[in-house]
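These notes concern the structure reproduced below.
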Amino acid sequence: MPRFFTENAPQDGYLTLTGEDARHIAKSLRMQPGDELTVCDGDGLDHGCVLDQVDAEAVRARVCTTQPSVSEPHTRVTLYMALPKSDKMELIVQKTTELGVTDIVPVLTARCVSRPDARTLEKKIDRWSKIAAEAAKQSGRGRIPRVHTALSLEEALAAAAQADAALLLYECEREHGLRAALTARTPHTVSILVGPEGGFAPEEAQQAQHAGLVSVSLGPRILRCETAPIAALACILYECGDL
Ligand code: SAM
């Protein structure tokens, strides 16, 4: 059954889709009143709907059933990703969306080579948001992970530390592995902070630990900055029973 996403909640038992989704339903899929579709809202709820009115400008659907999306993980993982070079962020957004990430926050750290101006960054975030939407649709997610505006390290640490488990993926960590950080108690919210190609400066790692993040290793091998978040997210969701 076709799946569409909306940020709006049902009004009086109906949902309305406009823009690209309405055009796709009316023109590409040629759906008619009476046809069924699933509309997922931003809170991870799946609404089973029947089309009521269809035209290329706006489509109205009557909500018949509402249930929590079975494809959303119970564990909400936020990825704080130091801005990597070139188009690596596109791969990171696509793969972590497929796996089940909840939010993605670009972070500017000391060793980020890529330092786009505000306008360029805004365009990149738009592109990454589109990639997240496509990957969410392809993988049957119940919601589209949000790609946030970029934060400084200080801002990211303050936000990341709010999670039940706030993890610094630190390439110089040799003692603590990922599993130990998770088995203490099964967290509902997890933050992971990942460095850029050049890694974290020692003072940044200290700053993160002072902010309350736990430094964890992904093993003795150094992973690329685009591999580390994908591997860590898969391990976390597996350990929490979401994979
Ligand atoms: N330039 C660093 C070096 O040579 O040691 C490597 C940085 S690595 C390419 C990019 C990021 O991936 C790191 O900052 C860290 O967040 C994460 N990462 C890579 N390998 C890791 C590991 N074995 N344990 C923990 N984090 C790792």
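In the structure tokens, chains take letters A, B, ... by order of appearance, with residues numbered from 1 within each chain and ligands from 1 in the order shown.
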
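The residue set within 6 Å of Leu51 of chain A, counting only C-alpha atoms and dropping same-chain residues fewer than 3 places from it, reads Pro33, Gly34, Asp35 and Ala61 of chain A.
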
Counting only C-alpha atoms and all ligand atoms, what are the residues of chain A within 10 Å of ligand 1, and for each of them which pair of atoms is the nearest and at what distance in Å, to one decimal? Sort the table by chain and rising number, as JSON lines.
{"residue": "A:Tyr80", "atom": "CA", "partner": "ligand 1", "partner_atom_place_in_ligand_line": "16 (O)", "distance": 9.9}
{"residue": "A:Met81", "atom": "CA", "partner": "ligand 1", "partner_atom_place_in_ligand_line": "16 (O)", "distance": 8.5}
{"residue": "A:Ala82", "atom": "CA", "partner": "ligand 1", "partner_atom_place_in_ligand_line": "14 (O)", "distance": 8.3}
{"residue": "A:Pro84", "atom": "CA", "partner": "ligand 1", "partner_atom_place_in_ligand_line": "10 (C)", "distance": 8.9}
{"residue": "A:Arg111", "atom": "CA", "partner": "ligand 1", "partner_atom_place_in_ligand_line": "1 (N)", "distance": 9.0}
{"residue": "A:Leu167", "atom": "CA", "partner": "ligand 1", "partner_atom_place_in_ligand_line": "16 (O)", "distance": 9.8}
{"residue": "A:Leu168", "atom": "CA", "partner": "ligand 1", "partner_atom_place_in_ligand_line": "16 (O)", "distance": 6.9}
{"residue": "A:Leu169", "atom": "CA", "partner": "ligand 1", "partner_atom_place_in_ligand_line": "26 (N)", "distance": 4.0}
{"residue": "A:Tyr170", "atom": "CA", "partner": "ligand 1", "partner_atom_place_in_ligand_line": "26 (N)", "distance": 4.1}
{"residue": "A:Glu171", "atom": "CA", "partner": "ligand 1", "partner_atom_place_in_ligand_line": "25 (C)", "distance": 4.0}
{"residue": "A:Cys172", "atom": "CA", "partner": "ligand 1", "partner_atom_place_in_ligand_line": "5 (O)", "distance": 6.7}
{"residue": "A:Glu173", "atom": "CA", "partner": "ligand 1", "partner_atom_place_in_ligand_line": "24 (N)", "distance": 6.6}
{"residue": "A:Arg174", "atom": "CA", "partner": "ligand 1", "partner_atom_place_in_ligand_line": "24 (N)", "distance": 8.2}
{"residue": "A:His176", "atom": "CA", "partner": "ligand 1", "partner_atom_place_in_ligand_line": "24 (N)", "distance": 9.6}
{"residue": "A:Gly177", "atom": "CA", "partner": "ligand 1", "partner_atom_place_in_ligand_line": "24 (N)", "distance": 8.3}
{"residue": "A:Leu178", "atom": "CA", "partner": "ligand 1", "partner_atom_place_in_ligand_line": "25 (C)", "distance": 8.7}
{"residue": "A:Ile192", "atom": "CA", "partner": "ligand 1", "partner_atom_place_in_ligand_line": "16 (O)", "distance": 8.7}
{"residue": "A:Leu193", "atom": "CA", "partner": "ligand 1", "partner_atom_place_in_ligand_line": "16 (O)", "distance": 6.5}
{"residue": "A:Val194", "atom": "CA", "partner": "ligand 1", "partner_atom_place_in_ligand_line": "16 (O)", "distance": 3.6}
{"residue": "A:Gly195", "atom": "CA", "partner": "ligand 1", "partner_atom_place_in_ligand_line": "14 (O)", "distance": 3.3}
{"residue": "A:Pro196", "atom": "CA", "partner": "ligand 1", "partner_atom_place_in_ligand_line": "10 (C)", "distance": 4.8}
{"residue": "A:Glu197", "atom": "CA", "partner": "ligand 1", "partner_atom_place_in_ligand_line": "9 (C)", "distance": 4.3}
{"residue": "A:Gly198", "atom": "CA", "partner": "ligand 1", "partner_atom_place_in_ligand_line": "1 (N)", "distance": 3.7}
{"residue": "A:Gly199", "atom": "CA", "partner": "ligand 1", "partner_atom_place_in_ligand_line": "14 (O)", "distance": 3.4}
{"residue": "A:Phe200", "atom": "CA", "partner": "ligand 1", "partner_atom_place_in_ligand_line": "14 (O)", "distance": 5.1}
{"residue": "A:Ala201", "atom": "CA", "partner": "ligand 1", "partner_atom_place_in_ligand_line": "14 (O)", "distance": 8.7}
{"residue": "A:Ala205", "atom": "CA", "partner": "ligand 1", "partner_atom_place_in_ligand_line": "14 (O)", "distance": 9.4}
{"residue": "A:Ser215", "atom": "CA", "partner": "ligand 1", "partner_atom_place_in_ligand_line": "25 (C)", "distance": 8.2}
{"residue": "A:Val216", "atom": "CA", "partner": "ligand 1", "partner_atom_place_in_ligand_line": "25 (C)", "distance": 6.0}
{"residue": "A:Ser217", "atom": "CA", "partner": "ligand 1", "partner_atom_place_in_ligand_line": "24 (N)", "distance": 3.7}
{"residue": "A:Leu218", "atom": "CA", "partner": "ligand 1", "partner_atom_place_in_ligand_line": "24 (N)", "distance": 3.7}
{"residue": "A:Gly219", "atom": "CA", "partner": "ligand 1", "partner_atom_place_in_ligand_line": "23 (N)", "distance": 4.5}
{"residue": "A:Pro220", "atom": "CA", "partner": "ligand 1", "partner_atom_place_in_ligand_line": "23 (N)", "distance": 5.2}
{"residue": "A:Arg221", "atom": "CA", "partner": "ligand 1", "partner_atom_place_in_ligand_line": "23 (N)", "distance": 4.8}
{"residue": "A:Ile222", "atom": "CA", "partner": "ligand 1", "partner_atom_place_in_ligand_line": "20 (N)", "distance": 3.8}
{"residue": "A:Leu223", "atom": "CA", "partner": "ligand 1", "partner_atom_place_in_ligand_line": "20 (N)", "distance": 3.7}
{"residue": "A:Arg224", "atom": "CA", "partner": "ligand 1", "partner_atom_place_in_ligand_line": "9 (C)", "distance": 4.1}
{"residue": "A:Cys225", "atom": "CA", "partner": "ligand 1", "partner_atom_place_in_ligand_line": "10 (C)", "distance": 3.8}
{"residue": "A:Glu226", "atom": "CA", "partner": "ligand 1", "partner_atom_place_in_ligand_line": "12 (O)", "distance": 7.3}
{"residue": "A:Thr227", "atom": "CA", "partner": "ligand 1", "partner_atom_place_in_ligand_line": "12 (O)", "distance": 7.3}
{"residue": "A:Ala228", "atom": "CA", "partner": "ligand 1", "partner_atom_place_in_ligand_line": "12 (O)", "distance": 5.0}
{"residue": "A:Pro229", "atom": "CA", "partner": "ligand 1", "partner_atom_place_in_ligand_line": "12 (O)", "distance": 7.3}
{"residue": "A:Ala231", "atom": "CA", "partner": "ligand 1", "partner_atom_place_in_ligand_line": "18 (N)", "distance": 9.7}
{"residue": "A:Ala232", "atom": "CA", "partner": "ligand 1", "partner_atom_place_in_ligand_line": "26 (N)", "distance": 8.6}

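Restricting the calculation to only C-alpha atoms, the smallest distance between Leu29 of chain A and any of A:Arg60, A:Arg3, A:Arg179, A:His47 is found for A:Arg3.
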
### Message
I'd like the contact shell of Cys240 of chain A - 10 Å cut-off, only C-alpha atoms, skipping same-chain residues fewer than 4 positions apart - returned as a list in words.
### Response
Pro73, His74, Thr75, Leu182, Thr183, Arg185, Thr186, Pro187, His188, Ala234, Cys235 and Ile236 of chain A

Could you turn the residues from that selection into a file that holds all heavy atoms, as a compact mmCIF listing (two decimals), in the first residue's frame?
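out.txt written:
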# COMPACT_ATOMS: atom_id res chain seq x y z
N PRO A 73 11.83 2.27 15.36
CA PRO A 73 12.50 1.68 16.53
C PRO A 73 11.95 2.25 17.84
O PRO A 73 11.49 3.39 17.86
CB PRO A 73 13.96 2.09 16.36
CG PRO A 73 14.10 2.69 15.02
CD PRO A 73 12.75 3.09 14.55
N HIS A 74 12.00 1.45 18.91
CA HIS A 74 11.60 1.98 20.23
C HIS A 74 12.67 2.94 20.74
O HIS A 74 12.39 3.88 21.46
CB HIS A 74 11.44 0.82 21.24
CG HIS A 74 10.35 -0.13 20.83
ND1 HIS A 74 10.61 -1.28 20.08
CD2 HIS A 74 9.01 -0.08 20.99
CE1 HIS A 74 9.47 -1.89 19.84
NE2 HIS A 74 8.48 -1.21 20.37
N THR A 75 13.91 2.66 20.35
CA THR A 75 15.04 3.48 20.82
C THR A 75 15.22 4.66 19.87
O THR A 75 15.33 4.48 18.66
CB THR A 75 16.33 2.64 20.84
OG1 THR A 75 16.04 1.39 21.47
CG2 THR A 75 17.45 3.37 21.56
N LEU A 182 25.81 0.40 27.02
CA LEU A 182 24.38 0.20 26.76
C LEU A 182 23.76 -0.80 27.72
O LEU A 182 22.58 -0.73 28.02
CB LEU A 182 24.16 -0.26 25.32
CG LEU A 182 24.55 0.74 24.24
CD1 LEU A 182 24.53 0.06 22.88
CD2 LEU A 182 23.64 1.95 24.25
N THR A 183 24.55 -1.77 28.19
CA THR A 183 23.92 -2.84 28.99
C THR A 183 23.65 -2.39 30.42
O THR A 183 22.91 -3.02 31.14
CB THR A 183 24.83 -4.10 29.02
OG1 THR A 183 26.16 -3.65 29.20
CG2 THR A 183 24.72 -4.86 27.71
N ARG A 185 21.78 -0.03 31.44
CA ARG A 185 20.31 -0.04 31.40
C ARG A 185 19.91 0.24 29.96
O ARG A 185 20.62 0.95 29.25
CB ARG A 185 19.75 1.03 32.32
CG ARG A 185 20.26 2.42 31.96
CD ARG A 185 20.03 3.42 33.10
NE ARG A 185 20.84 4.60 32.89
CZ ARG A 185 20.38 5.68 32.25
NH1 ARG A 185 19.16 5.69 31.81
NH2 ARG A 185 21.16 6.74 32.07
N THR A 186 18.83 -0.34 29.53
CA THR A 186 18.42 -0.15 28.12
C THR A 186 17.89 1.27 27.96
O THR A 186 16.85 1.61 28.53
CB THR A 186 17.33 -1.18 27.74
OG1 THR A 186 17.86 -2.48 27.98
CG2 THR A 186 16.95 -1.05 26.28
N PRO A 187 18.61 2.09 27.24
CA PRO A 187 18.18 3.49 27.10
C PRO A 187 17.01 3.65 26.13
O PRO A 187 16.86 2.86 25.20
CB PRO A 187 19.44 4.16 26.54
CG PRO A 187 20.13 3.07 25.77
CD PRO A 187 19.80 1.78 26.49
N HIS A 188 16.19 4.66 26.36
CA HIS A 188 15.12 4.98 25.38
C HIS A 188 15.66 5.99 24.37
O HIS A 188 15.29 5.98 23.21
CB HIS A 188 13.89 5.52 26.10
CG HIS A 188 12.80 5.95 25.16
ND1 HIS A 188 12.24 5.10 24.21
CD2 HIS A 188 12.19 7.16 24.94
CE1 HIS A 188 11.33 5.75 23.50
NE2 HIS A 188 11.29 7.00 23.93
N ALA A 234 23.80 0.59 13.99
CA ALA A 234 23.34 -0.80 13.85
C ALA A 234 23.56 -1.56 15.16
O ALA A 234 22.68 -2.29 15.64
CB ALA A 234 24.10 -1.47 12.70
N CYS A 235 24.74 -1.36 15.78
CA CYS A 235 25.02 -2.07 17.04
C CYS A 235 24.06 -1.63 18.14
O CYS A 235 23.55 -2.46 18.90
CB CYS A 235 26.46 -1.78 17.48
SG CYS A 235 27.71 -2.43 16.37
N ILE A 236 23.83 -0.35 18.24
CA ILE A 236 22.96 0.19 19.30
C ILE A 236 21.54 -0.36 19.14
O ILE A 236 20.93 -0.86 20.09
CB ILE A 236 22.95 1.73 19.28
CG1 ILE A 236 24.32 2.27 19.72
CG2 ILE A 236 21.83 2.30 20.14
CD1 ILE A 236 24.53 3.73 19.40

### Task
Can you pull out every residue within 10 Å of Glu90 of chain A, counting only C-alpha atoms, but drop anything in the same chain fewer than 6 positions away, and send it as a ChimeraX atom specification?
/A:84,124-125,127-132,226

### Message
For a quick check of understanding, using only C-alpha atoms, which of A:Gly212, A:Gly48, A:Pro202, A:Pro68 has the smallest distance to Pro2 of chain A?
### Response
A:Gly48

Wanna dump the segment 16-96 of chain A-segment 103-106 of chain A contacts at 9 Å for me, each residue with its shortest atom pair and the distance in Å to one decimal, counting only C-alpha atoms, ordered by chain and number, as JSON lines?
{"residue": "A:Arg76", "atom": "CA", "partner": "A:Asp103", "partner_atom": "CA", "distance": 8.2}
{"residue": "A:Val77", "atom": "CA", "partner": "A:Asp103", "partner_atom": "CA", "distance": 6.9}
{"residue": "A:Thr78", "atom": "CA", "partner": "A:Asp103", "partner_atom": "CA", "distance": 4.7}
{"residue": "A:Leu79", "atom": "CA", "partner": "A:Ile104", "partner_atom": "CA", "distance": 4.8}
{"residue": "A:Tyr80", "atom": "CA", "partner": "A:Val105", "partner_atom": "CA", "distance": 4.7}
{"residue": "A:Met81", "atom": "CA", "partner": "A:Pro106", "partner_atom": "CA", "distance": 4.9}
{"residue": "A:Ala82", "atom": "CA", "partner": "A:Pro106", "partner_atom": "CA", "distance": 5.8}
{"residue": "A:Leu83", "atom": "CA", "partner": "A:Pro106", "partner_atom": "CA", "distance": 5.9}
{"residue": "A:Met89", "atom": "CA", "partner": "A:Pro106", "partner_atom": "CA", "distance": 9.0}
{"residue": "A:Val93", "atom": "CA", "partner": "A:Ile104", "partner_atom": "CA", "distance": 7.5}
{"residue": "A:Thr96", "atom": "CA", "partner": "A:Ile104", "partner_atom": "CA", "distance": 8.9}

Output for the residues just chosen: all heavy atoms as an mmCIF file, in the first residue's frame:
data_model
loop_
_atom_site.group_PDB
_atom_site.id
_atom_site.type_symbol
_atom_site.label_atom_id
_atom_site.label_comp_id
_atom_site.auth_asym_id
_atom_site.auth_seq_id
_atom_site.Cartn_x
_atom_site.Cartn_y
_atom_site.Cartn_z
ATOM 1 N N ARG A 76 15.220 5.866 20.421
ATOM 2 C CA ARG A 76 15.358 7.068 19.575
ATOM 3 C C ARG A 76 16.817 7.506 19.601
ATOM 4 O O ARG A 76 17.322 7.956 20.642
ATOM 5 C CB ARG A 76 14.436 8.168 20.095
ATOM 6 C CG ARG A 76 12.948 7.781 20.006
ATOM 7 C CD ARG A 76 12.060 8.799 20.665
ATOM 8 N NE ARG A 76 12.011 10.037 19.871
ATOM 9 C CZ ARG A 76 11.051 10.284 18.947
ATOM 10 N NH1 ARG A 76 10.126 9.372 18.696
ATOM 11 N NH2 ARG A 76 11.041 11.419 18.273
ATOM 12 N N VAL A 77 17.485 7.295 18.457
ATOM 13 C CA VAL A 77 18.915 7.628 18.391
ATOM 14 C C VAL A 77 19.097 8.927 17.607
ATOM 15 O O VAL A 77 18.583 9.070 16.487
ATOM 16 C CB VAL A 77 19.710 6.502 17.710
ATOM 17 C CG1 VAL A 77 21.200 6.850 17.661
ATOM 18 C CG2 VAL A 77 19.502 5.168 18.446
ATOM 19 N N THR A 78 19.803 9.875 18.201
ATOM 20 C CA THR A 78 20.150 11.121 17.511
ATOM 21 C C THR A 78 21.628 11.069 17.166
ATOM 22 O O THR A 78 22.466 10.824 18.049
ATOM 23 C CB THR A 78 19.858 12.351 18.389
ATOM 24 O OG1 THR A 78 18.456 12.389 18.682
ATOM 25 C CG2 THR A 78 20.258 13.648 17.661
ATOM 26 N N LEU A 79 21.935 11.270 15.884
ATOM 27 C CA LEU A 79 23.323 11.279 15.424
ATOM 28 C C LEU A 79 23.814 12.720 15.338
ATOM 29 O O LEU A 79 23.248 13.536 14.598
ATOM 30 C CB LEU A 79 23.422 10.618 14.045
ATOM 31 C CG LEU A 79 24.736 10.816 13.291
ATOM 32 C CD1 LEU A 79 25.913 10.244 14.071
ATOM 33 C CD2 LEU A 79 24.658 10.208 11.898
ATOM 34 N N TYR A 80 24.839 13.036 16.122
ATOM 35 C CA TYR A 80 25.524 14.342 16.029
ATOM 36 C C TYR A 80 26.771 14.092 15.203
ATOM 37 O O TYR A 80 27.721 13.452 15.666
ATOM 38 C CB TYR A 80 25.876 14.862 17.427
ATOM 39 C CG TYR A 80 24.650 15.207 18.260
ATOM 40 C CD1 TYR A 80 23.982 14.220 18.989
ATOM 41 C CD2 TYR A 80 24.131 16.491 18.276
ATOM 42 C CE1 TYR A 80 22.840 14.511 19.723
ATOM 43 C CE2 TYR A 80 22.989 16.811 19.022
ATOM 44 C CZ TYR A 80 22.344 15.801 19.724
ATOM 45 O OH TYR A 80 21.210 16.096 20.447
ATOM 46 N N MET A 81 26.769 14.538 13.959
ATOM 47 C CA MET A 81 27.796 14.159 12.978
ATOM 48 C C MET A 81 28.647 15.362 12.622
ATOM 49 O O MET A 81 28.156 16.348 12.049
ATOM 50 C CB MET A 81 27.121 13.608 11.720
ATOM 51 C CG MET A 81 28.091 13.079 10.697
ATOM 52 S SD MET A 81 28.900 11.557 11.297
ATOM 53 C CE MET A 81 30.537 11.776 10.620
ATOM 54 N N ALA A 82 29.941 15.285 12.957
ATOM 55 C CA ALA A 82 30.859 16.344 12.523
ATOM 56 C C ALA A 82 30.887 16.381 10.999
ATOM 57 O O ALA A 82 30.944 15.335 10.344
ATOM 58 C CB ALA A 82 32.257 16.080 13.076
ATOM 59 N N LEU A 83 30.803 17.582 10.462
ATOM 60 C CA LEU A 83 30.641 17.739 9.007
ATOM 61 C C LEU A 83 31.793 17.055 8.250
ATOM 62 O O LEU A 83 32.952 17.491 8.369
ATOM 63 C CB LEU A 83 30.613 19.237 8.699
ATOM 64 C CG LEU A 83 29.579 19.742 7.704
ATOM 65 C CD1 LEU A 83 28.215 19.144 7.941
ATOM 66 C CD2 LEU A 83 29.495 21.259 7.765
ATOM 67 N N MET A 89 28.203 12.915 3.723
ATOM 68 C CA MET A 89 27.025 13.100 4.590
ATOM 69 C C MET A 89 25.792 12.507 3.920
ATOM 70 O O MET A 89 24.878 12.008 4.593
ATOM 71 C CB MET A 89 26.813 14.597 4.868
ATOM 72 C CG MET A 89 25.807 14.896 5.952
ATOM 73 S SD MET A 89 26.342 14.291 7.588
ATOM 74 C CE MET A 89 25.391 15.377 8.643
ATOM 75 N N VAL A 93 23.380 9.988 5.838
ATOM 76 C CA VAL A 93 21.944 10.265 6.022
ATOM 77 C C VAL A 93 21.117 9.103 5.480
ATOM 78 O O VAL A 93 20.204 8.588 6.139
ATOM 79 C CB VAL A 93 21.549 11.580 5.325
ATOM 80 C CG1 VAL A 93 20.031 11.745 5.250
ATOM 81 C CG2 VAL A 93 22.172 12.774 6.052
ATOM 82 N N THR A 96 21.770 5.704 7.675
ATOM 83 C CA THR A 96 21.250 5.748 9.058
ATOM 84 C C THR A 96 19.722 5.884 9.046
ATOM 85 O O THR A 96 19.053 5.370 9.935
ATOM 86 C CB THR A 96 21.887 6.903 9.853
ATOM 87 O OG1 THR A 96 21.684 8.144 9.174
ATOM 88 C CG2 THR A 96 23.379 6.672 10.074
#

Strand (DSSP E or B) residues, from DSSP on the backbone, in segment 82-183 of chain A, as a short mmCIF file (atom, residue, chain, number, x, y, z; two decimals) with all heavy atoms, in the first residue's frame:
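out_3.cif was written with the following content:
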data_model
loop_
_atom_site.label_atom_id
_atom_site.label_comp_id
_atom_site.auth_asym_id
_atom_site.auth_seq_id
_atom_site.Cartn_x
_atom_site.Cartn_y
_atom_site.Cartn_z
N ALA A 82 29.94 15.29 12.96
CA ALA A 82 30.86 16.34 12.52
C ALA A 82 30.89 16.38 11.00
O ALA A 82 30.94 15.33 10.34
CB ALA A 82 32.26 16.08 13.08
N ASP A 103 17.01 11.48 14.55
CA ASP A 103 17.38 12.84 14.15
C ASP A 103 18.86 12.87 13.77
O ASP A 103 19.65 12.09 14.32
CB ASP A 103 17.16 13.83 15.32
CG ASP A 103 15.67 14.06 15.60
OD1 ASP A 103 15.05 14.86 14.87
OD2 ASP A 103 15.13 13.38 16.50
N ILE A 104 19.19 13.76 12.87
CA ILE A 104 20.58 13.94 12.45
C ILE A 104 20.95 15.40 12.62
O ILE A 104 20.24 16.29 12.14
CB ILE A 104 20.76 13.51 10.97
CG1 ILE A 104 20.41 12.02 10.81
CG2 ILE A 104 22.20 13.78 10.49
CD1 ILE A 104 20.28 11.56 9.36
N VAL A 105 22.04 15.65 13.36
CA VAL A 105 22.46 17.03 13.63
C VAL A 105 23.89 17.23 13.14
O VAL A 105 24.82 16.64 13.69
CB VAL A 105 22.39 17.33 15.15
CG1 VAL A 105 22.75 18.80 15.42
CG2 VAL A 105 21.02 16.99 15.72
N PRO A 106 24.10 18.04 12.11
CA PRO A 106 25.47 18.33 11.69
C PRO A 106 26.16 19.17 12.77
O PRO A 106 25.53 20.03 13.41
CB PRO A 106 25.29 19.15 10.40
CG PRO A 106 23.84 19.00 10.02
CD PRO A 106 23.09 18.72 11.27
N VAL A 107 27.46 18.88 12.98
CA VAL A 107 28.21 19.60 14.02
C VAL A 107 29.51 20.13 13.41
O VAL A 107 30.16 19.43 12.62
CB VAL A 107 28.54 18.67 15.20
CG1 VAL A 107 29.25 19.43 16.32
CG2 VAL A 107 27.26 18.02 15.75
N LEU A 108 29.89 21.35 13.77
CA LEU A 108 31.16 21.90 13.30
C LEU A 108 32.19 21.73 14.40
O LEU A 108 32.09 22.37 15.46
CB LEU A 108 30.97 23.38 12.93
CG LEU A 108 30.23 23.58 11.58
CD1 LEU A 108 29.73 25.01 11.43
CD2 LEU A 108 31.12 23.18 10.42
N ARG A 146 14.62 13.91 10.97
CA ARG A 146 14.82 15.33 10.70
C ARG A 146 16.32 15.66 10.66
O ARG A 146 17.07 15.22 11.53
CB ARG A 146 14.14 16.17 11.80
CG ARG A 146 14.05 17.63 11.42
CD ARG A 146 13.19 18.46 12.33
NE ARG A 146 13.68 19.84 12.29
CZ ARG A 146 13.75 20.61 13.36
NH1 ARG A 146 13.34 20.17 14.54
NH2 ARG A 146 14.23 21.85 13.26
N VAL A 147 16.75 16.38 9.63
CA VAL A 147 18.13 16.88 9.55
C VAL A 147 18.09 18.31 10.07
O VAL A 147 17.45 19.18 9.47
CB VAL A 147 18.67 16.82 8.11
CG1 VAL A 147 20.12 17.32 8.08
CG2 VAL A 147 18.59 15.40 7.55
N LEU A 151 25.19 22.71 14.44
CA LEU A 151 25.49 23.25 15.78
C LEU A 151 26.99 23.34 15.97
O LEU A 151 27.76 22.64 15.33
CB LEU A 151 24.91 22.32 16.86
CG LEU A 151 23.39 22.11 16.92
CD1 LEU A 151 23.03 21.18 18.08
CD2 LEU A 151 22.67 23.44 17.05
N SER A 152 27.41 24.20 16.90
CA SER A 152 28.81 24.20 17.33
C SER A 152 28.99 22.99 18.24
O SER A 152 28.00 22.39 18.70
CB SER A 152 29.10 25.48 18.12
OG SER A 152 28.34 25.42 19.34
N ALA A 165 21.49 7.75 27.14
CA ALA A 165 22.88 7.31 26.91
C ALA A 165 23.49 8.28 25.90
O ALA A 165 23.01 8.38 24.77
CB ALA A 165 22.91 5.89 26.36
N ALA A 166 24.51 9.03 26.33
CA ALA A 166 25.16 10.02 25.46
C ALA A 166 26.58 9.55 25.21
O ALA A 166 27.39 9.46 26.15
CB ALA A 166 25.16 11.39 26.13
N LEU A 167 26.86 9.19 23.95
CA LEU A 167 28.11 8.48 23.64
C LEU A 167 29.01 9.28 22.70
O LEU A 167 28.55 9.79 21.67
CB LEU A 167 27.78 7.14 22.98
CG LEU A 167 26.75 6.27 23.72
CD1 LEU A 167 26.47 5.00 22.92
CD2 LEU A 167 27.21 5.94 25.12
N LEU A 168 30.27 9.40 23.09
CA LEU A 168 31.28 9.99 22.21
C LEU A 168 32.00 8.84 21.53
O LEU A 168 32.62 8.00 22.21
CB LEU A 168 32.28 10.81 23.04
CG LEU A 168 33.56 11.21 22.30
CD1 LEU A 168 33.28 12.31 21.27
CD2 LEU A 168 34.64 11.67 23.29
N LEU A 169 31.87 8.70 20.22
CA LEU A 169 32.62 7.66 19.50
C LEU A 169 34.03 8.22 19.32
O LEU A 169 34.25 9.09 18.48
CB LEU A 169 31.97 7.36 18.15
CG LEU A 169 30.52 6.89 18.19
CD1 LEU A 169 30.11 6.37 16.81
CD2 LEU A 169 30.28 5.81 19.22
N GLY A 177 34.07 -0.25 25.60
CA GLY A 177 33.42 -0.59 24.34
C GLY A 177 31.99 -0.09 24.33
O GLY A 177 31.46 0.39 25.35
#

### Message
Which of segment 74-113 of chain A end up as alpha helix (DSSP H) when DSSP is run on this backbone - answer as an MDAnalysis selection string?
### Response
chainID A and resid 88:99

### Query
Separation of atom CA of Arg23 of chain A and atom CA of Ala133 of chain A, in Å?
16.7 Å

### Summary
One decimal place gives the atom CA of Ala136 of chain A-atom CA of Gly100 of chain A separation as 8.8 Å
